[in-house]
file model23.cif (mmCIF, C-alpha atoms and all ligand atoms)
data_query
#
loop_
_atom_site.group_PDB
_atom_site.id
_atom_site.type_symbol
_atom_site.label_atom_id
_atom_site.label_comp_id
_atom_site.auth_asym_id
_atom_site.auth_seq_id
_atom_site.Cartn_x
_atom_site.Cartn_y
_atom_site.Cartn_z
ATOM 1 C CA MET A 26 0.000 0.000 0.000
ATOM 2 C CA LYS A 27 1.202 3.541 -0.720
ATOM 3 C CA ILE A 28 -0.014 6.976 0.369
ATOM 4 C CA MET A 29 0.577 9.849 -2.032
ATOM 5 C CA SER A 30 -0.418 13.483 -1.626
ATOM 6 C CA GLY A 31 -1.053 16.526 -3.777
ATOM 7 C CA ASN A 32 -0.445 19.999 -2.353
ATOM 8 C CA SER A 33 -3.949 20.623 -0.982
ATOM 9 C CA ASN A 34 -3.443 19.297 2.565
ATOM 10 C CA MET A 35 0.039 17.932 3.118
ATOM 11 C CA PRO A 36 -0.219 17.983 6.958
ATOM 12 C CA LEU A 37 -3.299 15.733 6.830
ATOM 13 C CA ALA A 38 -1.627 13.377 4.344
ATOM 14 C CA ARG A 39 1.457 13.180 6.598
ATOM 15 C CA ALA A 40 -0.732 12.466 9.638
ATOM 16 C CA ILE A 41 -2.591 9.696 7.769
ATOM 17 C CA ALA A 42 0.707 8.186 6.631
ATOM 18 C CA GLY A 43 1.951 8.476 10.242
ATOM 19 C CA TYR A 44 -1.113 6.595 11.516
ATOM 20 C CA LEU A 45 -0.398 3.832 8.994
ATOM 21 C CA GLU A 46 3.324 3.924 9.825
ATOM 22 C CA LEU A 47 4.179 4.452 6.177
ATOM 23 C CA PRO A 48 6.297 7.111 4.466
ATOM 24 C CA LEU A 49 4.528 9.358 1.954
ATOM 25 C CA THR A 50 5.236 8.283 -1.606
ATOM 26 C CA ASP A 51 8.117 10.269 -3.035
ATOM 27 C CA ALA A 52 6.481 12.466 -5.674
ATOM 28 C CA SER A 53 6.514 16.079 -6.749
ATOM 29 C CA VAL A 54 3.472 18.033 -7.815
ATOM 30 C CA ARG A 55 4.649 21.338 -9.195
ATOM 31 C CA ARG A 56 3.813 24.109 -11.615
ATOM 32 C CA PHE A 57 5.321 25.174 -14.917
ATOM 33 C CA ALA A 58 5.811 28.900 -15.501
ATOM 34 C CA ASP A 59 2.342 29.148 -17.065
ATOM 35 C CA GLU A 60 0.802 27.403 -13.982
ATOM 36 C CA GLU A 61 0.251 24.086 -15.748
ATOM 37 C CA ILE A 62 0.512 21.274 -13.208
ATOM 38 C CA PHE A 63 3.232 18.647 -13.552
ATOM 39 C CA VAL A 64 3.384 15.466 -11.475
ATOM 40 C CA GLU A 65 6.369 13.177 -11.178
ATOM 41 C CA ILE A 66 6.420 10.011 -9.045
ATOM 42 C CA HIS A 67 9.966 9.235 -7.964
ATOM 43 C CA GLU A 68 9.490 5.629 -6.876
ATOM 44 C CA ASN A 69 8.079 2.444 -8.330
ATOM 45 C CA VAL A 70 4.294 2.059 -7.875
ATOM 46 C CA ARG A 71 3.765 -0.833 -10.311
ATOM 47 C CA GLY A 72 1.212 -3.238 -8.859
ATOM 48 C CA GLU A 73 0.656 -1.099 -5.743
ATOM 49 C CA ASP A 74 -2.586 -0.194 -3.931
ATOM 50 C CA VAL A 75 -2.235 3.611 -3.941
ATOM 51 C CA PHE A 76 -4.274 6.154 -1.969
ATOM 52 C CA VAL A 77 -4.025 9.755 -3.216
ATOM 53 C CA VAL A 78 -4.936 12.291 -0.510
ATOM 54 C CA GLN A 79 -6.243 15.516 -2.035
ATOM 55 C CA PRO A 80 -9.244 17.487 -0.710
ATOM 56 C CA THR A 81 -10.588 19.720 -3.471
ATOM 57 C CA ALA A 82 -10.828 22.833 -1.320
ATOM 58 C CA PHE A 83 -9.700 26.391 -2.163
ATOM 59 C CA PRO A 84 -8.278 26.866 -4.758
ATOM 60 C CA ALA A 85 -10.832 24.259 -5.803
ATOM 61 C CA ASN A 86 -10.022 24.078 -9.492
ATOM 62 C CA ASP A 87 -6.246 23.834 -9.019
ATOM 63 C CA ASN A 88 -6.630 21.155 -6.366
ATOM 64 C CA LEU A 89 -9.083 19.185 -8.478
ATOM 65 C CA MET A 90 -6.740 19.338 -11.470
ATOM 66 C CA GLU A 91 -3.814 18.185 -9.271
ATOM 67 C CA LEU A 92 -5.899 15.216 -8.156
ATOM 68 C CA LEU A 93 -6.792 14.260 -11.735
ATOM 69 C CA ILE A 94 -3.187 14.522 -12.917
ATOM 70 C CA CYS A 95 -1.902 12.499 -9.925
ATOM 71 C CA ILE A 96 -4.408 9.756 -10.776
ATOM 72 C CA ASP A 97 -3.348 9.843 -14.426
ATOM 73 C CA ALA A 98 0.334 9.582 -13.484
ATOM 74 C CA LEU A 99 -0.395 6.602 -11.204
ATOM 75 C CA ARG A 100 -2.477 4.844 -13.840
ATOM 76 C CA ARG A 101 0.262 5.230 -16.454
ATOM 77 C CA ALA A 102 2.784 3.967 -13.879
ATOM 78 C CA SER A 103 0.740 0.725 -13.600
ATOM 79 C CA ALA A 104 -0.570 1.140 -10.028
ATOM 80 C CA ARG A 105 -2.825 -1.876 -9.337
ATOM 81 C CA ARG A 106 -5.602 0.120 -7.638
ATOM 82 C CA ILE A 107 -5.991 3.883 -7.178
ATOM 83 C CA THR A 108 -8.202 5.347 -4.453
ATOM 84 C CA ALA A 109 -8.961 9.073 -4.584
ATOM 85 C CA VAL A 110 -9.027 10.155 -0.930
ATOM 86 C CA VAL A 111 -10.986 13.403 -1.092
ATOM 87 C CA PRO A 112 -11.797 14.322 2.532
ATOM 88 C CA TYR A 113 -13.552 17.488 1.339
ATOM 89 C CA PHE A 114 -15.304 16.969 -1.990
ATOM 90 C CA GLY A 115 -15.591 20.409 -3.601
ATOM 91 C CA TYR A 116 -18.493 21.253 -5.931
ATOM 92 C CA ALA A 117 -20.687 18.987 -3.764
ATOM 93 C CA ARG A 118 -23.235 21.740 -3.217
ATOM 94 C CA GLN A 119 -23.948 21.738 -6.954
ATOM 95 C CA ASP A 120 -25.672 18.382 -6.735
ATOM 96 C CA ARG A 121 -28.906 19.259 -8.530
ATOM 97 C CA LYS A 122 -30.268 21.787 -10.988
ATOM 98 C CA PRO A 123 -31.466 24.774 -8.926
ATOM 99 C CA GLY A 124 -32.984 26.272 -12.059
ATOM 100 C CA PRO A 125 -33.184 25.795 -15.801
ATOM 101 C CA ARG A 126 -29.930 25.818 -17.825
ATOM 102 C CA THR A 127 -27.682 25.210 -14.793
ATOM 103 C CA PRO A 128 -25.092 22.415 -14.403
ATOM 104 C CA ILE A 129 -24.876 19.534 -11.959
ATOM 105 C CA SER A 130 -21.190 20.139 -11.341
ATOM 106 C CA ALA A 131 -20.857 17.518 -8.581
ATOM 107 C CA LYS A 132 -21.731 14.856 -11.155
ATOM 108 C CA LEU A 133 -19.270 16.325 -13.660
ATOM 109 C CA VAL A 134 -16.479 16.217 -11.039
ATOM 110 C CA ALA A 135 -17.389 12.606 -10.191
ATOM 111 C CA ASN A 136 -17.116 11.751 -13.905
ATOM 112 C CA LEU A 137 -13.737 13.496 -14.172
ATOM 113 C CA ILE A 138 -12.282 11.576 -11.196
ATOM 114 C CA THR A 139 -13.563 8.284 -12.597
ATOM 115 C CA GLU A 140 -12.361 9.003 -16.144
ATOM 116 C CA ALA A 141 -8.914 10.007 -14.861
ATOM 117 C CA GLY A 142 -8.567 6.414 -13.648
ATOM 118 C CA ALA A 143 -9.630 6.222 -9.989
ATOM 119 C CA ASP A 144 -10.860 2.771 -8.942
ATOM 120 C CA ARG A 145 -12.387 3.920 -5.653
ATOM 121 C CA VAL A 146 -13.219 7.110 -3.777
ATOM 122 C CA LEU A 147 -12.990 7.812 -0.059
ATOM 123 C CA SER A 148 -14.601 10.999 1.259
ATOM 124 C CA VAL A 149 -15.881 12.420 4.538
ATOM 125 C CA ASP A 150 -19.334 13.866 5.208
ATOM 126 C CA LEU A 151 -20.370 14.343 1.605
ATOM 127 C CA HIS A 152 -22.763 17.278 1.423
ATOM 128 C CA ALA A 153 -25.528 14.887 0.368
ATOM 129 C CA GLY A 154 -25.303 11.119 0.763
ATOM 130 C CA GLN A 155 -26.650 10.544 -2.722
ATOM 131 C CA ILE A 156 -23.459 12.027 -4.220
ATOM 132 C CA GLN A 157 -22.071 8.522 -3.625
ATOM 133 C CA GLY A 158 -24.356 7.474 -6.462
ATOM 134 C CA PHE A 159 -22.751 9.998 -8.818
ATOM 135 C CA PHE A 160 -19.780 7.601 -8.953
ATOM 136 C CA ASP A 161 -20.010 4.247 -10.708
ATOM 137 C CA ILE A 162 -16.998 3.052 -8.709
ATOM 138 C CA PRO A 163 -17.028 2.042 -5.005
ATOM 139 C CA THR A 164 -17.293 5.160 -2.841
ATOM 140 C CA ASP A 165 -16.941 5.231 0.929
ATOM 141 C CA ASN A 166 -18.448 8.203 2.755
ATOM 142 C CA LEU A 167 -16.980 8.465 6.263
ATOM 143 C CA PHE A 168 -18.618 10.413 9.096
ATOM 144 C CA ALA A 169 -16.775 12.780 11.421
ATOM 145 C CA ALA A 170 -19.583 12.324 13.994
ATOM 146 C CA PRO A 171 -17.729 9.805 16.232
ATOM 147 C CA VAL A 172 -14.757 12.192 16.512
ATOM 148 C CA MET A 173 -17.091 15.107 17.265
ATOM 149 C CA ALA A 174 -19.201 13.131 19.750
ATOM 150 C CA ALA A 175 -16.106 12.139 21.748
ATOM 151 C CA ASP A 176 -15.026 15.783 21.939
ATOM 152 C CA ILE A 177 -18.521 16.965 22.914
ATOM 153 C CA GLN A 178 -18.785 14.326 25.662
ATOM 154 C CA ALA A 179 -15.388 15.336 27.031
ATOM 155 C CA ARG A 180 -16.048 19.100 27.000
ATOM 156 C CA TYR A 181 -19.787 19.534 27.346
ATOM 157 C CA GLY A 182 -20.968 16.159 28.612
ATOM 158 C CA ASP A 183 -21.924 17.548 32.033
ATOM 159 C CA GLN A 184 -24.299 20.155 30.537
ATOM 160 C CA SER A 185 -27.904 20.040 29.428
ATOM 161 C CA LEU A 186 -27.305 19.603 25.696
ATOM 162 C CA MET A 187 -29.477 20.338 22.672
ATOM 163 C CA VAL A 188 -28.246 19.279 19.229
ATOM 164 C CA VAL A 189 -29.286 21.814 16.590
ATOM 165 C CA SER A 190 -29.465 21.502 12.825
ATOM 166 C CA PRO A 191 -28.910 24.929 11.205
ATOM 167 C CA ASP A 192 -31.369 24.066 8.443
ATOM 168 C CA VAL A 193 -34.005 21.516 7.568
ATOM 169 C CA GLY A 194 -31.615 19.740 5.170
ATOM 170 C CA GLY A 195 -29.218 18.892 8.000
ATOM 171 C CA VAL A 196 -31.690 17.089 10.269
ATOM 172 C CA VAL A 197 -30.488 13.556 9.441
ATOM 173 C CA ARG A 198 -26.900 14.511 10.287
ATOM 174 C CA ALA A 199 -27.984 16.242 13.516
ATOM 175 C CA ARG A 200 -30.142 13.311 14.585
ATOM 176 C CA ALA A 201 -27.229 10.910 14.051
ATOM 177 C CA LEU A 202 -25.043 13.049 16.329
ATOM 178 C CA ALA A 203 -27.807 13.373 18.939
ATOM 179 C CA LYS A 204 -28.078 9.568 19.012
ATOM 180 C CA ARG A 205 -24.360 9.314 19.808
ATOM 181 C CA LEU A 206 -24.854 11.828 22.642
ATOM 182 C CA ASP A 207 -27.169 9.556 24.648
ATOM 183 C CA ASN A 208 -30.163 10.624 22.553
ATOM 184 C CA ALA A 209 -29.838 14.335 23.286
ATOM 185 C CA PRO A 210 -32.877 16.381 22.185
ATOM 186 C CA LEU A 211 -32.943 17.904 18.717
ATOM 187 C CA SER A 212 -33.850 21.374 17.529
ATOM 188 C CA ILE A 213 -33.991 22.849 14.001
ATOM 189 C CA VAL A 214 -33.343 26.331 12.678
ATOM 190 C CA ASP A 215 -35.818 27.064 9.919
ATOM 191 C CA LYS A 216 -33.592 29.120 7.608
ATOM 192 C CA ARG A 217 -34.537 31.094 4.536
ATOM 193 C CA ARG A 218 -31.736 32.010 2.129
ATOM 194 C CA ASP A 219 -32.513 34.808 -0.301
ATOM 195 C CA ARG A 220 -29.272 34.776 -2.269
ATOM 196 C CA PRO A 221 -26.211 32.437 -2.334
ATOM 197 C CA GLY A 222 -23.783 33.443 0.425
ATOM 198 C CA GLN A 223 -26.518 35.121 2.463
ATOM 199 C CA SER A 224 -28.754 33.526 5.013
ATOM 200 C CA GLU A 225 -31.538 34.616 7.275
ATOM 201 C CA VAL A 226 -32.764 32.825 10.379
ATOM 202 C CA MET A 227 -36.533 32.691 10.549
ATOM 203 C CA ASN A 228 -37.640 30.400 13.308
ATOM 204 C CA ILE A 229 -36.323 27.928 15.899
ATOM 205 C CA ILE A 230 -38.201 24.655 16.141
ATOM 206 C CA GLY A 231 -37.759 23.303 19.697
ATOM 207 C CA ASP A 232 -37.226 24.850 23.129
ATOM 208 C CA VAL A 233 -33.546 25.756 23.565
ATOM 209 C CA LYS A 234 -33.995 27.847 26.732
ATOM 210 C CA GLY A 235 -31.368 26.906 29.332
ATOM 211 C CA ARG A 236 -29.639 24.482 26.962
ATOM 212 C CA ALA A 237 -26.034 24.316 25.798
ATOM 213 C CA CYS A 238 -26.628 24.131 22.044
ATOM 214 C CA ILE A 239 -24.432 22.095 19.706
ATOM 215 C CA LEU A 240 -24.885 23.245 16.121
ATOM 216 C CA ILE A 241 -23.828 20.651 13.581
ATOM 217 C CA ASP A 242 -23.294 21.053 9.837
ATOM 218 C CA ASP A 243 -21.101 19.707 7.050
ATOM 219 C CA ILE A 244 -19.728 23.007 5.741
ATOM 220 C CA ILE A 245 -18.996 26.469 7.042
ATOM 221 C CA ASP A 246 -18.271 28.704 4.073
ATOM 222 C CA SER A 247 -19.072 32.413 4.559
ATOM 223 C CA GLY A 248 -20.179 31.647 8.123
ATOM 224 C CA GLY A 249 -23.513 33.386 7.582
ATOM 225 C CA THR A 250 -25.657 30.315 8.241
ATOM 226 C CA LEU A 251 -23.905 29.502 11.478
ATOM 227 C CA CYS A 252 -23.440 32.970 12.967
ATOM 228 C CA ASN A 253 -27.080 33.887 12.314
ATOM 229 C CA ALA A 254 -28.230 30.589 13.812
ATOM 230 C CA ALA A 255 -26.024 31.130 16.892
ATOM 231 C CA GLN A 256 -27.497 34.584 17.471
ATOM 232 C CA ALA A 257 -31.049 33.296 17.055
ATOM 233 C CA LEU A 258 -30.414 30.491 19.554
ATOM 234 C CA MET A 259 -28.935 32.902 22.124
ATOM 235 C CA ASP A 260 -31.946 35.199 21.602
ATOM 236 C CA GLU A 261 -34.178 32.211 22.434
ATOM 237 C CA GLY A 262 -32.391 31.679 25.779
ATOM 238 C CA ALA A 263 -29.656 29.118 24.994
ATOM 239 C CA THR A 264 -26.872 29.194 27.608
ATOM 240 C CA SER A 265 -24.179 28.754 24.948
ATOM 241 C CA VAL A 266 -23.828 27.794 21.289
ATOM 242 C CA THR A 267 -20.918 25.706 20.049
ATOM 243 C CA ALA A 268 -20.641 24.641 16.412
ATOM 244 C CA TYR A 269 -19.154 21.396 15.161
ATOM 245 C CA ILE A 270 -18.585 21.541 11.394
ATOM 246 C CA THR A 271 -16.714 18.953 9.369
ATOM 247 C CA HIS A 272 -15.353 21.149 6.574
ATOM 248 C CA GLY A 273 -13.954 24.584 7.445
ATOM 249 C CA VAL A 274 -14.138 26.204 4.002
ATOM 250 C CA LEU A 275 -14.111 29.624 5.734
ATOM 251 C CA SER A 276 -14.085 31.873 2.652
ATOM 252 C CA GLY A 277 -13.638 35.644 2.636
ATOM 253 C CA ALA A 278 -14.392 37.292 5.977
ATOM 254 C CA ALA A 279 -15.687 34.090 7.590
ATOM 255 C CA VAL A 280 -12.997 33.889 10.288
ATOM 256 C CA SER A 281 -13.636 37.421 11.545
ATOM 257 C CA ARG A 282 -17.399 36.820 11.300
ATOM 258 C CA VAL A 283 -17.011 33.761 13.546
ATOM 259 C CA THR A 284 -14.656 35.579 15.903
ATOM 260 C CA ASN A 285 -17.184 38.388 16.370
ATOM 261 C CA SER A 286 -20.239 36.122 16.558
ATOM 262 C CA ALA A 287 -22.349 34.808 19.421
ATOM 263 C CA LEU A 288 -20.648 31.417 19.024
ATOM 264 C CA LYS A 289 -18.754 30.204 22.063
ATOM 265 C CA GLU A 290 -16.532 28.094 19.858
ATOM 266 C CA LEU A 291 -16.317 26.744 16.305
ATOM 267 C CA VAL A 292 -14.847 23.270 16.069
ATOM 268 C CA ILE A 293 -13.818 22.100 12.591
ATOM 269 C CA THR A 294 -11.811 19.136 11.349
ATOM 270 C CA ASP A 295 -8.597 19.112 9.356
ATOM 271 C CA SER A 296 -10.327 17.822 6.193
ATOM 272 C CA ILE A 297 -9.246 21.185 4.699
ATOM 273 C CA GLN A 298 -5.905 22.739 5.588
ATOM 274 C CA ALA A 299 -6.656 25.660 7.929
ATOM 275 C CA THR A 300 -5.506 29.157 6.994
ATOM 276 C CA GLU A 301 -3.236 31.082 9.380
ATOM 277 C CA ALA A 302 -6.213 33.312 10.248
ATOM 278 C CA ALA A 303 -8.278 30.281 11.264
ATOM 279 C CA LYS A 304 -5.405 28.839 13.312
ATOM 280 C CA ASP A 305 -4.915 32.206 15.046
ATOM 281 C CA SER A 306 -8.596 32.705 15.937
ATOM 282 C CA ASN A 307 -9.272 32.100 19.633
ATOM 283 C CA LYS A 308 -12.755 30.839 18.736
ATOM 284 C CA ILE A 309 -11.713 28.148 16.260
ATOM 285 C CA ARG A 310 -10.439 24.729 17.303
ATOM 286 C CA ILE A 311 -9.397 21.941 14.942
ATOM 287 C CA LEU A 312 -9.991 18.213 15.492
ATOM 288 C CA THR A 313 -7.988 15.760 13.448
ATOM 289 C CA ILE A 314 -9.699 13.086 11.367
ATOM 290 C CA ALA A 315 -6.374 11.582 10.256
ATOM 291 C CA PRO A 316 -6.821 8.431 12.425
ATOM 292 C CA LEU A 317 -10.373 7.980 11.091
ATOM 293 C CA ILE A 318 -9.216 8.214 7.465
ATOM 294 C CA GLY A 319 -6.085 6.184 8.191
ATOM 295 C CA GLU A 320 -8.138 3.398 9.740
ATOM 296 C CA ALA A 321 -10.570 3.411 6.799
ATOM 297 C CA ILE A 322 -7.622 3.163 4.376
ATOM 298 C CA ARG A 323 -6.165 0.273 6.370
ATOM 299 C CA ARG A 324 -9.500 -1.544 6.215
ATOM 300 C CA ILE A 325 -9.945 -0.909 2.488
ATOM 301 C CA ALA A 326 -6.451 -2.256 1.851
ATOM 302 C CA ASP A 327 -7.156 -5.310 4.062
ATOM 303 C CA GLU A 328 -10.609 -5.717 2.494
ATOM 304 C CA SER A 329 -12.272 -5.605 5.910
ATOM 305 C CA SER A 330 -15.383 -3.699 6.955
ATOM 306 C CA VAL A 331 -15.332 0.111 6.857
ATOM 307 C CA SER A 332 -18.903 0.585 8.083
ATOM 308 C CA SER A 333 -18.083 -1.152 11.388
ATOM 309 C CA LEU A 334 -15.899 1.896 12.158
ATOM 310 C CA PHE A 335 -19.192 3.670 12.952
ATOM 311 C CA ASP A 336 -20.935 0.997 15.055
HETATM 312 C C1 LIG A 401 -25.742 24.173 3.072
HETATM 313 O O1 LIG A 401 -26.630 23.417 2.733
HETATM 314 C C2 LIG A 401 -24.545 23.692 3.850
HETATM 315 O O2 LIG A 401 -24.835 22.575 4.627
HETATM 316 C C3 LIG A 401 -24.011 24.811 4.725
HETATM 317 O O3 LIG A 401 -25.015 25.156 5.674
HETATM 318 C C4 LIG A 401 -23.647 26.035 3.932
HETATM 319 O O4 LIG A 401 -22.829 25.669 2.854
HETATM 320 C C5 LIG A 401 -22.909 27.026 4.788
HETATM 321 O O5 LIG A 401 -22.645 28.148 4.017
HETATM 322 P P1 LIG A 401 -22.348 29.569 4.692
HETATM 323 O O6 LIG A 401 -21.312 29.352 5.765
HETATM 324 O O7 LIG A 401 -21.817 30.389 3.532
HETATM 325 O O8 LIG A 401 -23.621 30.107 5.234
#
call {"tool": "encode", "arguments": {"input": "model23.cif", "output": "structure tokens", "more": "lines below"}}
Ligand code: R5P
result
Amino acid sequence: MKIMSGNSNMPLARAIAGYLELPLTDASVRRFADEEIFVEIHENVRGEDVFVVQPTAFPANDNLMELLICIDALRRASARRITAVVPYFGYARQDRKPGPRTPISAKLVANLITEAGADRVLSVDLHAGQIQGFFDIPTDNLFAAPVMAADIQARYGDQSLMVVSPDVGGVVRARALAKRLDNAPLSIVDKRRDRPGQSEVMNIIGDVKGRACILIDDIIDSGGTLCNAAQALMDEGATSVTAYITHGVLSGAAVSRVTNSALKELVITDSIQATEAAKDSNKIRILTIAPLIGEAIRRIADESSVSSLFD
């Protein structure tokens, strides 16, 4: 088995390789003067089971292209099996046609990864579970919930908890977390979004008064959804609001929005490499999912059960 990485999240790739007690495959992924990407693998991979770690986060297009070219290089070097390990799958929010004459870009990206030569895909908290079906190759969708639940139990386990979904679409995810927290009660923020990148909290379903609220979502991008939800929950009498979000996209002014928000804390994972601003924020904490991904890779390589990781 070999672990290779593009440039998107080298620290995560190193941590996964460390968990598996393997060195990272010796390869360089660099740019020509005109920014074309060039990949060179400096060791033999013929007949190997290779896992390429490359979340397609900002800059999404460059990181996606790096992933495709890494896969192509591995295929032409006769790797036996290539798994695209994409902890954050960019373009996932474009998973349906929101209007006429619009693309389904998540499906296009799935096609590109498959056509490049990937045999399998491993991702974490896909924006919508059905994106698995966009691939006609085996696709494992891991959940960060066990890692989050352990942290919540350790830090907030002695409080009267309420798990909150920031929108109706996130209820299944929130319910799964609540189940892991000894069936904590569930509340929902009924959100209306007028334009992309803007959100407006309308109504809280459930009584959050006197509760330590745990907001859960897959993505924080501009931070609008979360910061508005946190304020609405505090206005309804919550004692505190902490957010657990798998993918810290944190575009634009998101870090300062979070820092100045009603949130007590934002906890993200290292599925995306954090910016310096995010690392410096006293409200943002990062949990590692390297052991989770490393263990899933080990099980895929051994052909043992991945789903039992979540029992
Ligand atoms: C939307 O369906 C997602 O689950 C997130 O709630 C959304 O992407 C967050 O975006 P923002 O941080 O820009 O409000």
call {"tool": "closest_residue", "arguments": {"input": "model23.cif", "among": "A:Thr284, A:Asn253, A:Thr264, A:Thr108", "to": "ligand LIG 401 (chain A)", "atoms": "all atoms listed in the file"}}
result
A:Asn253
call {"tool": "residues_near_ligand", "arguments": {"input": "model23.cif", "ligand": "ligand LIG 401 (chain A)", "cutoff": "8 Å", "atoms": "all atoms listed in the file", "output": "number ranges by chain"}}
result
A: 118, 152, 191-192, 194-195, 221-224, 242-251, 275-276, 279
call {"tool": "write_last_selection", "arguments": {"input": "model23.cif", "atoms": "C-alpha atoms", "output": "short mmCIF file (atom, residue, chain, number, x, y, z; two decimals), keeping the file's coordinate frame"}}
result
data_model
loop_
_atom_site.label_atom_id
_atom_site.label_comp_id
_atom_site.auth_asym_id
_atom_site.auth_seq_id
_atom_site.Cartn_x
_atom_site.Cartn_y
_atom_site.Cartn_z
CA ARG A 118 -23.24 21.74 -3.22
CA HIS A 152 -22.76 17.28 1.42
CA PRO A 191 -28.91 24.93 11.20
CA ASP A 192 -31.37 24.07 8.44
CA GLY A 194 -31.62 19.74 5.17
CA GLY A 195 -29.22 18.89 8.00
CA PRO A 221 -26.21 32.44 -2.33
CA GLY A 222 -23.78 33.44 0.42
CA GLN A 223 -26.52 35.12 2.46
CA SER A 224 -28.75 33.53 5.01
CA ASP A 242 -23.29 21.05 9.84
CA ASP A 243 -21.10 19.71 7.05
CA ILE A 244 -19.73 23.01 5.74
CA ILE A 245 -19.00 26.47 7.04
CA ASP A 246 -18.27 28.70 4.07
CA SER A 247 -19.07 32.41 4.56
CA GLY A 248 -20.18 31.65 8.12
CA GLY A 249 -23.51 33.39 7.58
CA THR A 250 -25.66 30.32 8.24
CA LEU A 251 -23.90 29.50 11.48
CA LEU A 275 -14.11 29.62 5.73
CA SER A 276 -14.08 31.87 2.65
CA ALA A 279 -15.69 34.09 7.59
#
call {"tool": "residues_near_point", "arguments": {"input": "model23.cif", "point": "(-7.6, 20.5, -16.2)", "cutoff": "12 Å", "atoms": "only C-alpha atoms", "output": "list of chain:residue names"}}
result
A:Glu60, A:Glu61, A:Ile62, A:Phe63, A:Ala85, A:Asn86, A:Asp87, A:Asn88, A:Leu89, A:Met90, A:Glu91, A:Leu92, A:Leu93, A:Ile94, A:Cys95, A:Asp97, A:Val134, A:Leu137, A:Ile138, A:Ala141
call {"tool": "resolve_selection", "arguments": {"input": "model23.cif", "expression": "the PyMOL selection byres (((chain A and resi 200) around 9) and not hetatm)", "output": "list in words"}}
result
Val188, Val189, Ser190, Gly195, Val196, Val197, Arg198, Ala199, Ala201, Leu202, Ala203, Lys204, Arg205, Asn208, Ala209, Pro210 and Leu211 of chain A
call {"tool": "resolve_selection", "arguments": {"input": "model23.cif", "expression": "the PyMOL selection byres (((chain A and resi 335) around 8) and not hetatm)", "output": "NGL selection string"}}
result
:A and (168 or 171 or 332-334 or 336)
call {"tool": "write_last_selection", "arguments": {"input": "model23.cif", "atoms": "C-alpha atoms", "output": "PDB file, in the frame of the given file"}}
result
ATOM      1  CA  PHE A 168     -18.618  10.413   9.096  1.00  0.00           C
ATOM      2  CA  PRO A 171     -17.729   9.805  16.232  1.00  0.00           C
ATOM      3  CA  SER A 332     -18.903   0.585   8.083  1.00  0.00           C
ATOM      4  CA  SER A 333     -18.083  -1.152  11.388  1.00  0.00           C
ATOM      5  CA  LEU A 334     -15.899   1.896  12.158  1.00  0.00           C
ATOM      6  CA  ASP A 336     -20.935   0.997  15.055  1.00  0.00           C
TER       7      ASP A 336
END
call {"tool": "residues_near_point", "arguments": {"input": "model23.cif", "point": "(-4.5, -3.2, -6.5)", "cutoff": "8 Å", "atoms": "all atoms listed in the file", "output": "NGL selection string"}}
result
:A and (72-75 or 104-107)
call {"tool": "closest_residue", "arguments": {"input": "model23.cif", "among": "A:Gly319, A:Gly273, A:Gly31, A:Gly235", "to": "A:Lys304", "atoms": "all atoms listed in the file"}}
result
A:Gly273
call {"tool": "resolve_selection", "arguments": {"input": "model23.cif", "expression": "the PyMOL selection byres (((chain A and resi 295) around 10) and not hetatm)", "output": "ChimeraX atom specification"}}
result
/A:34,36-37,112-113,271-273,293-294,296-299,310-315
call {"tool": "residues_around", "arguments": {"input": "model23.cif", "residues": "A:Phe159", "least_positions_apart": "5", "cutoff": "9 Å", "atoms": "all atoms listed in the file", "output": "PyMOL selection string"}}
result
chain A and resi 131-133+135-136
call {"tool": "atom_distance", "arguments": {"input": "model23.cif", "atom1": "atom CA of A:Ile96", "atom2": "atom CA of A:Ile129"}}
result
22.7 Å
call {"tool": "residues_around", "arguments": {"input": "model23.cif", "residues": "A:Ala102", "least_positions_apart": "6", "cutoff": "9 Å", "atoms": "only C-alpha atoms", "output": "number ranges by chain"}}
result
A: 66, 69-72
call {"tool": "closest_residue", "arguments": {"input": "model23.cif", "among": "A:Ala174, A:Ala326, A:Ala263, A:Val146", "to": "A:Ser212", "atoms": "all atoms listed in the file"}}
result
A:Ala263
call {"tool": "closest_residue", "arguments": {"input": "model23.cif", "among": "A:Val78, A:Arg100, A:Val292, A:Met227", "to": "A:Ala169", "atoms": "all atoms listed in the file"}}
result
A:Val292
call {"tool": "decode", "arguments": {"input": "model23.cif", "residues": "stretch 285-305 of chain A", "atoms": "C-alpha atoms", "output": "tab-separated table (two decimals), in the first residue's frame"}}
result
chain	number	residue	atom	x	y	z
A	285	ASN	CA	-17.18	38.39	16.37
A	286	SER	CA	-20.24	36.12	16.56
A	287	ALA	CA	-22.35	34.81	19.42
A	288	LEU	CA	-20.65	31.42	19.02
A	289	LYS	CA	-18.75	30.20	22.06
A	290	GLU	CA	-16.53	28.09	19.86
A	291	LEU	CA	-16.32	26.74	16.31
A	292	VAL	CA	-14.85	23.27	16.07
A	293	ILE	CA	-13.82	22.10	12.59
A	294	THR	CA	-11.81	19.14	11.35
A	295	ASP	CA	-8.60	19.11	9.36
A	296	SER	CA	-10.33	17.82	6.19
A	297	ILE	CA	-9.25	21.19	4.70
A	298	GLN	CA	-5.91	22.74	5.59
A	299	ALA	CA	-6.66	25.66	7.93
A	300	THR	CA	-5.51	29.16	6.99
A	301	GLU	CA	-3.24	31.08	9.38
A	302	ALA	CA	-6.21	33.31	10.25
A	303	ALA	CA	-8.28	30.28	11.26
A	304	LYS	CA	-5.40	28.84	13.31
A	305	ASP	CA	-4.91	32.21	15.05
